[in-house]
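Q: Please see the structure below; I have some questions.
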Amino acid sequence: MNENLFTSFTSPTMMGLPIVTLIILFPSMLFPSPGRLINNRLTSIQQWLIQLTSKQMMLIHNHKGQTWTLMLMSLIMFIGSTNLLGLLPHSFTPTTQLSMNLGMAIPLWAGTVAMGLRTKTKASLAHFLPQGTPFPLIPMLVIIESISLLIQPMALAVRLTANITAGHLLIHLIGGATLALINISAITALITFIILTLLTVLEFAVALIQAYVFTLLVSLYLHDNT
Amino acid sequence: MASVVPLKEKKLMDVKLGELLSWIPMRDFTPKGIAGAFQRGYYRYYNKYVNVKKGGVAGISMVLAAYVLFNYCRCYKELKHERLCKYH
């Protein structure tokens, strides 16, 4: 029990060969590129969803921020599809690995900060001091604001990792508990099974919400800096 | 019986059983050839099940079922220990 709770999070190998790259590339097969004016149903549904999401997410930005649309849309598609595919039985979810989430969060956050420092240096440095702070508090507040700035990429990555990993672990544990309870008491097993169903519904929602939150926060950092 | 089309260009279903052993080495096993084979297979599936006027849920659910099966085969070694049996 102790060993196999976490084995589903190890890097996948098949006959000794690491296939984690193939698994990360798999969701791209589910998004065929639209070639025509009127596409097949799958492509039309995906097109409609992406248009809906991009309008909702990119309206708040000015022209300079809207150049990031492609990046943010592919980010939300990747995280959403990877999280949803991880809910299939026995599958490996790349977003449970902190390494990958750091690899997504740090460059995007650093890009927004660098862009802000380059184009609007004074305004982006002014973020460090909220308006109307009393004079004696200024040094401490600058330190606090800079710490909160530097912690943004860590928070992005750890939030995604922890949410998805915790959800998967809960499903494993409650599913195991249901199986173990069947022989002991059928009614308790039924209650646990209902809990498992509700949890799975929650996990579907969490998968999508986490993708949205990640992308929204990156877009917020972008908005601050353009 | 003499073949009208040269053996090299025949598709698998047109090759006679006796010619099979000499047909297989004639196929293109270079990386480009293997990539071409994957591409042909992908488009065969895509055009048959997804890229149709009234595609259904079958097109994508077959892909997901194959993905689940692939992952099951990948983890079989660890899953072997979780079977219901008296002695592990």
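In the structure tokens, chains take the letters A, B, ... in the order shown, each chain's residues start at 1, and ligands count up from 1 in the order shown.
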Distance limit 8 Å, atoms considered: only C-alpha atoms. Which chain A residues sit that close to chain B? Return them as a list in words.

A: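 Every residue meeting the condition is included here: Asn4, Pro12, Thr13, Met14, Leu30, Asn39, Asn40, Arg41, Leu42, Leu88, Pro89, His90, Ser91 and Phe92 of chain A.
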
Q: Within 8 Å of Val113 in chain A, counting only C-alpha atoms, which residues qualify if same-chain residues fewer than 5 places away don't, as a list in words?

A: Tyr221, Leu222 and Asn225 of chain A

Q: Go through A:Gln131, A:Gln97, A:Thr43, A:Thr200 and flag the residue nearest Phe9 in chain A, using only C-alpha atoms for the distances.

A: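 For Phe9 in chain A, the nearest of the candidates is A:Gln97.
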